[in-house]
Amino acid sequence: MTTSIDTNIIVALWRNTDSSNRVAAELLDQAQKRGRLVVSAPVYAELMADPARSENELNEFAARTGIAVDWNIDEDVWREAGRAYRGYARRRIRSGGDPPRRILADFVIGAHAVLHGHTLITLDRRRYAAAFPRLRIVPE
C-alpha cells in the first residue's frame, strides 16, 4: 500500500516542541510499515519554505526516510482538486463564513492521493474528509 504524506505531518515531525510531534512520528512509522511513502510535488514545495531546512536537507530527509516525491500531476488531479475546492468554497459561503481562503495546495494534495489510490496521513482530517469522501485518511 502507498501512503501519501501531508505537509503538516513532516512539519510536526521536524519540530520537537510541536504538540503533534509524537502523533506525526507514530503515523509516519506505521505508514512505513504498511508500504511505500510518497509526497506530491506541492508538499515538497511547501516543505522547502521551512526556514530551518535547506533543500539539500529536505532531499536527505526524503532519502533517509524512503519518501519518494511524485513530481507528475496530471490533468485529472487538477480537475479533481478544482471540483473539491469549489465544494469547499460553496460550503464555506453557505455556512456564513468568510470568503474561501486560497489554499489550493491542500486540494491538489488530496486529489493526488485519492486518484492514485493512496491513503493520506494528515493532522487535518476534517478538511480532507469533507472534500474527498472516498479518500482513506489516517488517523481515522
# chains A, B, ... in the order shown; residues from 1 in each chain; ligands from 1
>>> residues_around(residues="segment 37-44 of chain A", least_positions_apart="6", cutoff="6 Å", atoms="only C-alpha atoms", output="list in words")
Thr2, Thr3, Ser4, Ile5, Thr7, Ile67, Ala68, Val69, Asp70 and Trp71 of chain A
>>> residues_around(residues="Ala12 of chain A", least_positions_apart="6", cutoff="9 Å", atoms="only C-alpha atoms", output="MDAnalysis selection string")
chainID A and resid 18:25
>>> select_by_dssp(residues="segment 13-125 of chain A", states="strand (DSSP E)", output="list in words")
Arg36, Leu37, Val38, Val39, Ser40, Ile67, Ala68, Val69, Asp70, Thr119, Leu120 and Ile121 of chain A
>>> select_by_dssp(residues="segment 6-139 of chain A", states="alpha helix (DSSP H)", output="MDAnalysis selection string")
chainID A and resid 7:14 21:34 41:48 55:65 75:94 104:115 125:131
>>> write_last_selection(atoms="C-alpha atoms", output="PDB file, in the first residue's frame")
ATOM      1  CA  THR A   7       2.889  18.667   4.760  1.00  0.00           C
ATOM      2  CA  ASN A   8       1.700  19.079   8.344  1.00  0.00           C
ATOM      3  CA  ILE A   9       2.921  15.585   9.288  1.00  0.00           C
ATOM      4  CA  ILE A  10       6.512  16.331   8.308  1.00  0.00           C
ATOM      5  CA  VAL A  11       6.468  19.845   9.767  1.00  0.00           C
ATOM      6  CA  ALA A  12       5.226  18.457  13.117  1.00  0.00           C
ATOM      7  CA  LEU A  13       7.874  15.738  12.948  1.00  0.00           C
ATOM      8  CA  TRP A  14      10.636  18.298  12.415  1.00  0.00           C
ATOM      9  CA  ASN A  21       5.243  15.730  17.100  1.00  0.00           C
ATOM     10  CA  ARG A  22       4.689  12.332  18.696  1.00  0.00           C
ATOM     11  CA  VAL A  23       1.462  11.706  16.750  1.00  0.00           C
ATOM     12  CA  ALA A  24       3.217  12.585  13.482  1.00  0.00           C
ATOM     13  CA  ALA A  25       6.142  10.282  14.294  1.00  0.00           C
ATOM     14  CA  GLU A  26       3.770   7.392  15.099  1.00  0.00           C
ATOM     15  CA  LEU A  27       1.716   7.933  11.929  1.00  0.00           C
ATOM     16  CA  LEU A  28       4.829   8.024   9.771  1.00  0.00           C
ATOM     17  CA  ASP A  29       6.254   4.921  11.469  1.00  0.00           C
ATOM     18  CA  GLN A  30       3.003   2.987  10.927  1.00  0.00           C
ATOM     19  CA  ALA A  31       2.832   4.125   7.293  1.00  0.00           C
ATOM     20  CA  GLN A  32       6.418   2.965   6.668  1.00  0.00           C
ATOM     21  CA  LYS A  33       5.481  -0.492   7.949  1.00  0.00           C
ATOM     22  CA  ARG A  34       2.491  -0.665   5.579  1.00  0.00           C
ATOM     23  CA  ALA A  41       5.044  17.968  -5.587  1.00  0.00           C
ATOM     24  CA  PRO A  42       3.020  20.625  -3.662  1.00  0.00           C
ATOM     25  CA  VAL A  43       4.058  19.043  -0.348  1.00  0.00           C
ATOM     26  CA  TYR A  44       7.706  19.163  -1.377  1.00  0.00           C
ATOM     27  CA  ALA A  45       7.332  22.821  -2.379  1.00  0.00           C
ATOM     28  CA  GLU A  46       5.639  23.699   0.921  1.00  0.00           C
ATOM     29  CA  LEU A  47       8.402  21.938   2.856  1.00  0.00           C
ATOM     30  CA  MET A  48      11.018  24.000   1.021  1.00  0.00           C
ATOM     31  CA  GLU A  55      16.728  21.998   0.005  1.00  0.00           C
ATOM     32  CA  ASN A  56      19.659  19.594   0.476  1.00  0.00           C
ATOM     33  CA  GLU A  57      18.472  18.754   3.987  1.00  0.00           C
ATOM     34  CA  LEU A  58      14.983  18.129   2.640  1.00  0.00           C
ATOM     35  CA  ASN A  59      16.379  15.795  -0.031  1.00  0.00           C
ATOM     36  CA  GLU A  60      18.494  13.969   2.569  1.00  0.00           C
ATOM     37  CA  PHE A  61      15.451  13.597   4.854  1.00  0.00           C
ATOM     38  CA  ALA A  62      13.415  12.121   1.999  1.00  0.00           C
ATOM     39  CA  ALA A  63      16.206   9.690   1.084  1.00  0.00           C
ATOM     40  CA  ARG A  64      16.784   8.665   4.712  1.00  0.00           C
ATOM     41  CA  THR A  65      13.075   8.021   5.364  1.00  0.00           C
ATOM     42  CA  GLU A  75      -4.899  16.885 -15.663  1.00  0.00           C
ATOM     43  CA  ASP A  76      -7.291  14.606 -13.763  1.00  0.00           C
ATOM     44  CA  VAL A  77      -5.661  15.609 -10.458  1.00  0.00           C
ATOM     45  CA  TRP A  78      -6.027  19.316 -11.274  1.00  0.00           C
ATOM     46  CA  ARG A  79      -9.672  18.841 -12.256  1.00  0.00           C
ATOM     47  CA  GLU A  80     -10.467  16.839  -9.108  1.00  0.00           C
ATOM     48  CA  ALA A  81      -8.703  19.462  -6.984  1.00  0.00           C
ATOM     49  CA  GLY A  82     -10.741  22.206  -8.656  1.00  0.00           C
ATOM     50  CA  ARG A  83     -14.018  20.374  -8.012  1.00  0.00           C
ATOM     51  CA  ALA A  84     -13.089  19.792  -4.370  1.00  0.00           C
ATOM     52  CA  TYR A  85     -12.004  23.413  -3.947  1.00  0.00           C
ATOM     53  CA  ARG A  86     -15.292  24.582  -5.475  1.00  0.00           C
ATOM     54  CA  GLY A  87     -17.176  22.379  -2.998  1.00  0.00           C
ATOM     55  CA  TYR A  88     -15.167  23.850  -0.122  1.00  0.00           C
ATOM     56  CA  ALA A  89     -15.896  27.403  -1.294  1.00  0.00           C
ATOM     57  CA  ARG A  90     -19.619  26.657  -1.525  1.00  0.00           C
ATOM     58  CA  ARG A  91     -19.707  25.030   1.931  1.00  0.00           C
ATOM     59  CA  ARG A  92     -17.846  27.970   3.454  1.00  0.00           C
ATOM     60  CA  ILE A  93     -20.224  30.526   1.888  1.00  0.00           C
ATOM     61  CA  ARG A  94     -23.340  28.512   2.868  1.00  0.00           C
ATOM     62  CA  LEU A 104      -5.443  25.218  -3.390  1.00  0.00           C
ATOM     63  CA  ALA A 105      -2.365  23.148  -2.493  1.00  0.00           C
ATOM     64  CA  ASP A 106      -4.388  21.165   0.073  1.00  0.00           C
ATOM     65  CA  PHE A 107      -6.884  20.210  -2.616  1.00  0.00           C
ATOM     66  CA  VAL A 108      -4.146  19.193  -5.050  1.00  0.00           C
ATOM     67  CA  ILE A 109      -2.587  17.039  -2.290  1.00  0.00           C
ATOM     68  CA  GLY A 110      -5.939  15.374  -1.589  1.00  0.00           C
ATOM     69  CA  ALA A 111      -6.814  14.893  -5.251  1.00  0.00           C
ATOM     70  CA  HIS A 112      -3.384  13.387  -5.919  1.00  0.00           C
ATOM     71  CA  ALA A 113      -3.859  10.879  -3.096  1.00  0.00           C
ATOM     72  CA  VAL A 114      -7.423   9.876  -3.938  1.00  0.00           C
ATOM     73  CA  LEU A 115      -6.871   9.497  -7.686  1.00  0.00           C
ATOM     74  CA  ARG A 125      -8.545  15.035   8.693  1.00  0.00           C
ATOM     75  CA  ARG A 126     -11.702  17.146   8.753  1.00  0.00           C
ATOM     76  CA  ARG A 127     -10.812  19.271   5.711  1.00  0.00           C
ATOM     77  CA  TYR A 128      -9.734  16.314   3.591  1.00  0.00           C
ATOM     78  CA  ALA A 129     -12.712  14.153   4.621  1.00  0.00           C
ATOM     79  CA  ALA A 130     -15.173  16.903   3.659  1.00  0.00           C
ATOM     80  CA  ALA A 131     -13.508  17.493   0.299  1.00  0.00           C
TER      81      ALA A 131
END
>>> atom_distance(atom1="atom CA of Ile121 of chain A", atom2="atom CA of Ile137 of chain A")
5.9 Å
>>> closest_residue(among="A:Gly96, A:Gly35, A:Pro51, A:Gly66", to="Thr119 of chain A", atoms="only C-alpha atoms")
A:Gly35
